[in-house]
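Enquirer: The following block contains the structure, expressed as structure tokens.
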Amino acid sequence: MARSVKTQRKIINTAAAWGIGLLIFFPILWTILTSFKTEATAIADPPVFLAFNWTMENYTAVLERSNYAKFLWNSIIIAGGSTILGIIIAVPAAWSMAFVPSRRTKDILLWMLSTKMLPAVGVLYPIYLICIKLGILDSRIALVIILMLMNLPIIVWMLYTYFREIPGEILEAARMDGASLKEEILYVLTPMAIPGIASTLLLNFILAWNEAFWTLNLTAANAAPLTAFIASYSSPEGLFFAKLSAASTMAIAPILILGWFSQKQLVSGLTFGAVK
Amino acid sequence: MSLTKTVYAATTMALVTAGSATAENLVIATVNNGDMVRMQGYTDNFTEKTGHTVEWVTLEENVLRQRVTTDIAAKGGSFDIMTIGMYETPIWAANDWLVPLDGLSDAYDADDILPAMREGLSYDGTLYAAPFYGESSMIMYRTDLMEKAGLEMPQAPTWDFIREAAAAMTDRENDINGICLRGKAGWGEGGALITVTANSFGARWFDEDWNAQFDQPAWNEALTFFVEMMNESGPNGYATNGFNENLNLFQQGKCGMWIDATVAASFVTNPDDSTVADKVGFALAPNTGKGKNANWLWAWALAIPAGTQKEDAAKEFVEWATSKEYIELVAANEGWANVPPGARTSLYENENYKAVPFAAMTLESINVADPKNPTVDPVPYVGVQFVAIPEFAGIATEVSQEFSAVYAGQQTVEEALEKAQALTNDAMEAAGYR
């Protein structure tokens with residue numbers, strides 16, 4: 001009897017999890033399906049789910065009109081560069097906060113997080129002017145730096161939380177064995193925190209990949225990533241939903257695949273780290 | 001080698017070198033719509049003619065507006081040519097942000113630009129942006145439903161006729177709405193339509209001393225009429241409908257009438273996308289007999305930001321893209337119905353284009369819109385569906401949000417007008433107009 005109740009509960013839980021999962025995934029699924037429809041089928045009422053003439057014409061049109069490879073390459077450089085640079089800066093910062101905290105460490109952590117509360121548009125004009133002065137407007141380097149700074153509070157917070165789980169005695173032992181500070185961080189702390197660093201890397205790569213304020217406002221013809229690629233297919237005067245869906249699918253495909261293969265690390269990162 | 005040959009060779013080399021030295025790479029910011037995308041496809045033709053190459057930055061209309069405004073105000077120099085509208089042109093020209101388009105070649109024939117477009121894109125009598133395509137608004141209606149209702153659409157109907165026809169065409173059981181109109185918040189969305197509707201009822205945004213006029217009876221009459229008509233015959237949830245939502249409804253055969261941009265005519269008569277392509281008629285936007293029709297005037301135009309290092313090449317592109325030859329190029333490849341409309345007089349004199357069903361009504365709609373005298377009573381501003389001052393976009397977006405709340409049944413007409421009056425006067429006072 002008890003076993004049958006347990007099985008029943010398991011089935012209900014599994015069904016509920018699948019239901020919620022499908023509900024969350026549905027907009028992405030609908031975008032992918034729409035990308036294979038004609039513009040007329042895309043806006044058909046009632047909507048058509050699967051029984052339509054599948055076509056690749058939208059992908060052909062998008063590839064003919066836009067240089068997808070250029071946008072993709074910019075996205076990889078900007079998201080990858082800002083994440084790696086962020087980790088390089090955040091690891092020593094999180095080390096000092098976790099293992100040699102001062103009276104103000106908590107305040108600094110909270111202050112760092114509070115910078116995320118400022119609406120980005122509030123500093124658009126000053127940052128735009130700085131980029132002009134430095135001659136880095138519409139360059140990948142500008143976006144690497146800005147996105148790194150934008151995500152730095154999250155990276156530091158996540159790493160700080162992971163590092164706090166590591167016993168300080170291990171680092172102390174390394175120091176007693178004669179390890180320098182650099183060796184302590186590089187050869188002792190980092191290998192132990194690899195799962196935490198990996199999930200932080202992944203999460204921030206995704207955040208940088210999807211960032212659509214700075215990447216739209218600071219780029220033109222040279223450094224525009226996939227967010228600008230999607231924006232070029234959105235139109236308030238004309239129904240181009242199928243083409244927009246094809247562009248969106250092409251933009252999210254790389255990150256979707258990356259997320260699929262790294263879901264284990266991501267889940268553990270999200271449930272263990274600072275954002276749990 | 002003889003001396004003559006040497007001179008020829010040297011001259012040729014010099015010309016080739018000079019030619020390649022002046023070949024530029026132009027960066028152009030533009031919107032994503034059918035005509036602009038089509039132009040991108042013909043860029044090779046421009047490159048072949050001039051040697052200049054072109055890179056396109058295509059963005060959604062609102063993103064583009066924000067992007068180019070930031071760039072031009074900060075002198076970022078990201079773009080050599082920008083696609084801007086009638087609202088921005090006189091404001092930016094007044095700030096010396098644009099290169100005046102005087103001195104265009106004789107072959108370009110600048111006098112051929114439609115007078116209304118030229119007026120709207122000029123400042124102090126000088127042209128600052130060349131119209132790529134222009135539009136007004138007009139009534140698009142279902143001829144079969146009108147006939148079924150036992151009515152005949154006049155060429156220039158009144159709002160009372162439109163309301164009566166909408167009620168007669170409405171068939172809730174078959175999901176047919178007598179009339180579909182924009183209600184979506186935003187100065188360029190629902191804000192544009194209610195402004196031109198109010199113009200036709202004798203209302204205006206400001207009196208000659210820049211005092212808001214929402215407390216005047218004409219605004220109340222216009223807004224009340226609009227809301228009552230839409231409640232009787234409009235689609236459910238019209239408060240969130242913009243151009244695309246209404247285009248979708250009309251193409252699916254769910255609207256008896258639709259008053260919107262003339263550029264929509266080519267969409268609703270295209271049998272590939274529209275289920276009612278062969279049953280569409282056109283008429284002038286309605287009036288109330290006070291001398292103003294409820295139609296707007298707009299152009300997407302190409303302008304050159306001041307400070308670009310490639311002014312000459314940019315001018316060459318602007319000339320090419322807005323020339324008669326470009327129109328002929330598109331017509332030869334894609335048919336006359338697909339050429340950019342509303343920019344040149346000669347297009348409407350062309351016999352081939354006269355055969356396009358919506359051509360005559362588009363021209364008539366453009367001609368009756370007067371950006372210098374948009375309202376029944378005098379006003380201190382230029383612009384039909386907008387007021388060409390920098391503060392307008394912000395104010396009108398807030399006002400249209402109040403109106404959309406009325407459409408959604410969240411407040412009364414009187415409450416919305418009271419709020420609109422207060423917020424407009426406050427903003428104008430803060431900006432130093434009052």
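In the structure tokens, the first chain shown is A, the next is B, and so on; residue numbers restart at 1 for each chain, and ligands run from 1 in the order shown.
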Which neighbours of Glu61 (chain B) fall inside 10 Å, counting only C-alpha atoms, when residues of the same chain fewer than 6 positions from it are skipped, and could you give them as a list of chain:residue names?

Expert: A:Ala231, A:Ser232, A:Ser234, A:Ser235, A:Pro236, A:Glu237, B:Thr30, B:Val31, B:Asn32, B:Asn33, B:Arg67, B:Thr83, B:Ile84

Enquirer: Using only C-alpha atoms and a distance of at most 9 Å, pull out the residues of chain B that contact chain A, as a tab-separated table (two decimals) with N, CA and C atoms, in the first residue's frame.

Expert:
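This went into part-v5.tsv:
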chain	number	residue	atom	x	y	z
B	27	VAL	N	28.80	53.24	-43.96
B	27	VAL	CA	27.99	52.51	-42.98
B	27	VAL	C	26.63	53.20	-42.89
B	28	ILE	N	25.58	52.42	-43.14
B	28	ILE	CA	24.23	53.01	-43.20
B	28	ILE	C	23.33	52.36	-42.16
B	29	ALA	N	22.72	53.19	-41.33
B	29	ALA	CA	21.76	52.69	-40.33
B	29	ALA	C	20.37	52.77	-40.92
B	31	VAL	N	16.03	50.95	-41.04
B	31	VAL	CA	14.97	50.17	-40.39
B	31	VAL	C	14.69	48.91	-41.19
B	32	ASN	N	14.05	47.97	-40.52
B	32	ASN	CA	13.69	46.72	-41.20
B	32	ASN	C	12.27	46.83	-41.75
B	33	ASN	N	12.14	47.24	-42.98
B	33	ASN	CA	10.84	47.13	-43.64
B	33	ASN	C	11.08	46.71	-45.08
B	34	GLY	N	9.99	46.33	-45.75
B	34	GLY	CA	10.11	45.72	-47.06
B	34	GLY	C	10.96	46.54	-48.03
B	37	VAL	N	14.76	46.70	-47.01
B	37	VAL	CA	15.43	45.41	-47.23
B	37	VAL	C	15.67	45.21	-48.72
B	40	GLN	N	18.70	47.01	-49.91
B	40	GLN	CA	19.97	46.34	-49.57
B	40	GLN	C	20.36	45.34	-50.66
B	41	GLY	N	19.33	44.74	-51.27
B	41	GLY	CA	19.59	43.76	-52.33
B	41	GLY	C	20.17	44.39	-53.59
B	55	GLU	N	27.99	49.03	-45.95
B	55	GLU	CA	27.68	48.09	-44.86
B	55	GLU	C	26.40	48.56	-44.20
B	56	TRP	N	25.46	47.62	-43.99
B	56	TRP	CA	24.15	47.97	-43.45
B	56	TRP	C	24.06	47.62	-41.97
B	57	VAL	N	23.51	48.53	-41.20
B	57	VAL	CA	23.16	48.23	-39.81
B	57	VAL	C	21.64	48.36	-39.73
B	58	THR	N	20.96	47.22	-39.75
B	58	THR	CA	19.51	47.24	-39.76
B	58	THR	C	18.99	47.00	-38.35
B	59	LEU	N	18.11	47.87	-37.90
B	59	LEU	CA	17.59	47.73	-36.55
B	59	LEU	C	16.09	47.94	-36.54
B	60	GLU	N	15.46	47.45	-35.48
B	60	GLU	CA	14.02	47.69	-35.28
B	60	GLU	C	13.84	49.20	-35.08
B	61	GLU	N	12.69	49.71	-35.56
B	61	GLU	CA	12.46	51.16	-35.62
B	61	GLU	C	12.79	51.91	-34.32
B	62	ASN	N	12.29	51.41	-33.19
B	62	ASN	CA	12.51	52.13	-31.93
B	62	ASN	C	13.96	52.03	-31.46
B	63	VAL	N	14.57	50.87	-31.70
B	63	VAL	CA	15.99	50.69	-31.35
B	63	VAL	C	16.83	51.63	-32.21
B	66	GLN	N	16.67	55.26	-31.01
B	66	GLN	CA	17.51	55.48	-29.82
B	66	GLN	C	18.98	55.46	-30.19
B	67	ARG	N	19.34	54.51	-31.05
B	67	ARG	CA	20.74	54.29	-31.42
B	67	ARG	C	21.31	55.49	-32.18
B	70	THR	N	21.50	58.78	-30.01
B	70	THR	CA	22.67	58.79	-29.12
B	70	THR	C	23.92	59.11	-29.93
B	71	ASP	N	24.06	58.48	-31.08
B	71	ASP	CA	25.28	58.64	-31.86
B	71	ASP	C	25.45	60.05	-32.39
B	74	ALA	N	26.11	62.58	-29.51
B	74	ALA	CA	27.45	62.45	-28.93
B	74	ALA	C	28.55	62.58	-29.98
B	75	LYS	N	28.15	62.80	-31.22
B	75	LYS	CA	29.09	62.88	-32.35
B	75	LYS	C	29.95	61.62	-32.41
B	76	GLY	N	29.28	60.49	-32.33
B	76	GLY	CA	29.98	59.21	-32.31
B	76	GLY	C	30.60	58.84	-33.65
B	77	GLY	N	29.97	59.28	-34.72
B	77	GLY	CA	30.50	59.00	-36.05
B	77	GLY	C	30.41	57.55	-36.47
B	78	SER	N	29.45	56.81	-35.87
B	78	SER	CA	29.33	55.39	-36.23
B	78	SER	C	28.73	55.19	-37.62
B	79	PHE	N	27.95	56.18	-38.07
B	79	PHE	CA	27.24	56.01	-39.34
B	79	PHE	C	27.55	57.15	-40.31
B	242	GLY	N	-1.49	47.37	-32.66
B	242	GLY	CA	-0.75	48.36	-33.45
B	242	GLY	C	-0.87	48.00	-34.92
B	243	PHE	N	0.06	48.48	-35.73
B	243	PHE	CA	0.03	48.24	-37.17
B	243	PHE	C	0.00	46.74	-37.49
B	244	ASN	N	0.94	45.99	-36.93
B	244	ASN	CA	1.07	44.57	-37.28
B	244	ASN	C	-0.14	43.75	-36.87
B	245	GLU	N	-0.70	44.03	-35.68
B	245	GLU	CA	-1.86	43.28	-35.21
B	245	GLU	C	-3.05	43.52	-36.14
B	247	LEU	N	-2.90	44.59	-39.29
B	247	LEU	CA	-2.57	44.01	-40.60
B	247	LEU	C	-2.93	42.53	-40.62
B	248	ASN	N	-2.57	41.86	-39.53
B	248	ASN	CA	-2.87	40.43	-39.41
B	248	ASN	C	-4.39	40.20	-39.46
B	252	GLN	N	-6.52	38.36	-42.49
B	252	GLN	CA	-7.27	37.14	-42.19
B	252	GLN	C	-8.77	37.32	-42.44
B	263	VAL	N	1.17	52.54	-46.93
B	263	VAL	CA	2.11	51.49	-47.32
B	263	VAL	C	1.51	50.09	-47.08
B	264	ALA	N	0.48	50.01	-46.23
B	264	ALA	CA	-0.18	48.73	-45.96
B	264	ALA	C	-0.95	48.22	-47.17
B	267	PHE	N	0.52	45.36	-48.89
B	267	PHE	CA	0.45	44.09	-48.14
B	267	PHE	C	-0.94	43.45	-48.29
B	272	ASP	N	-0.30	36.53	-51.92
B	272	ASP	CA	0.53	35.55	-51.21
B	272	ASP	C	0.29	35.60	-49.70
B	273	ASP	N	-0.04	36.77	-49.20
B	273	ASP	CA	-0.18	36.94	-47.75
B	273	ASP	C	-1.61	37.20	-47.30
B	274	SER	N	-2.42	37.80	-48.18
B	274	SER	CA	-3.74	38.26	-47.76
B	274	SER	C	-4.84	37.36	-48.32

Enquirer: Between B:Glu88, B:Glu351, B:Glu316, B:Glu334, which has the minimum distance to Leu101 (chain B) (counting only C-alpha atoms)?

Expert: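 Among B:Glu88, B:Glu351, B:Glu316, B:Glu334, it is B:Glu316 that comes nearest to Leu101 (chain B).
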
Enquirer: Fewer than 2 positions away in the same chain doesn't count, so skip those; otherwise give me all residues within 6 Å of region 356-371 of chain B, counting only C-alpha atoms, as a list in words.

Expert: Ser136, Thr262, Tyr353, Lys354, Asn373, Pro374, Val382, Gly383 and Val384 of chain B

Enquirer: Could you give me, as a VMD selection string, each residue of region 191-222 of chain A that DSSP assigns to helix (DSSP H, G or I) when run on this structure's backbone?

Expert: chain A and resid 191 to 192 194 to 210 214 to 217
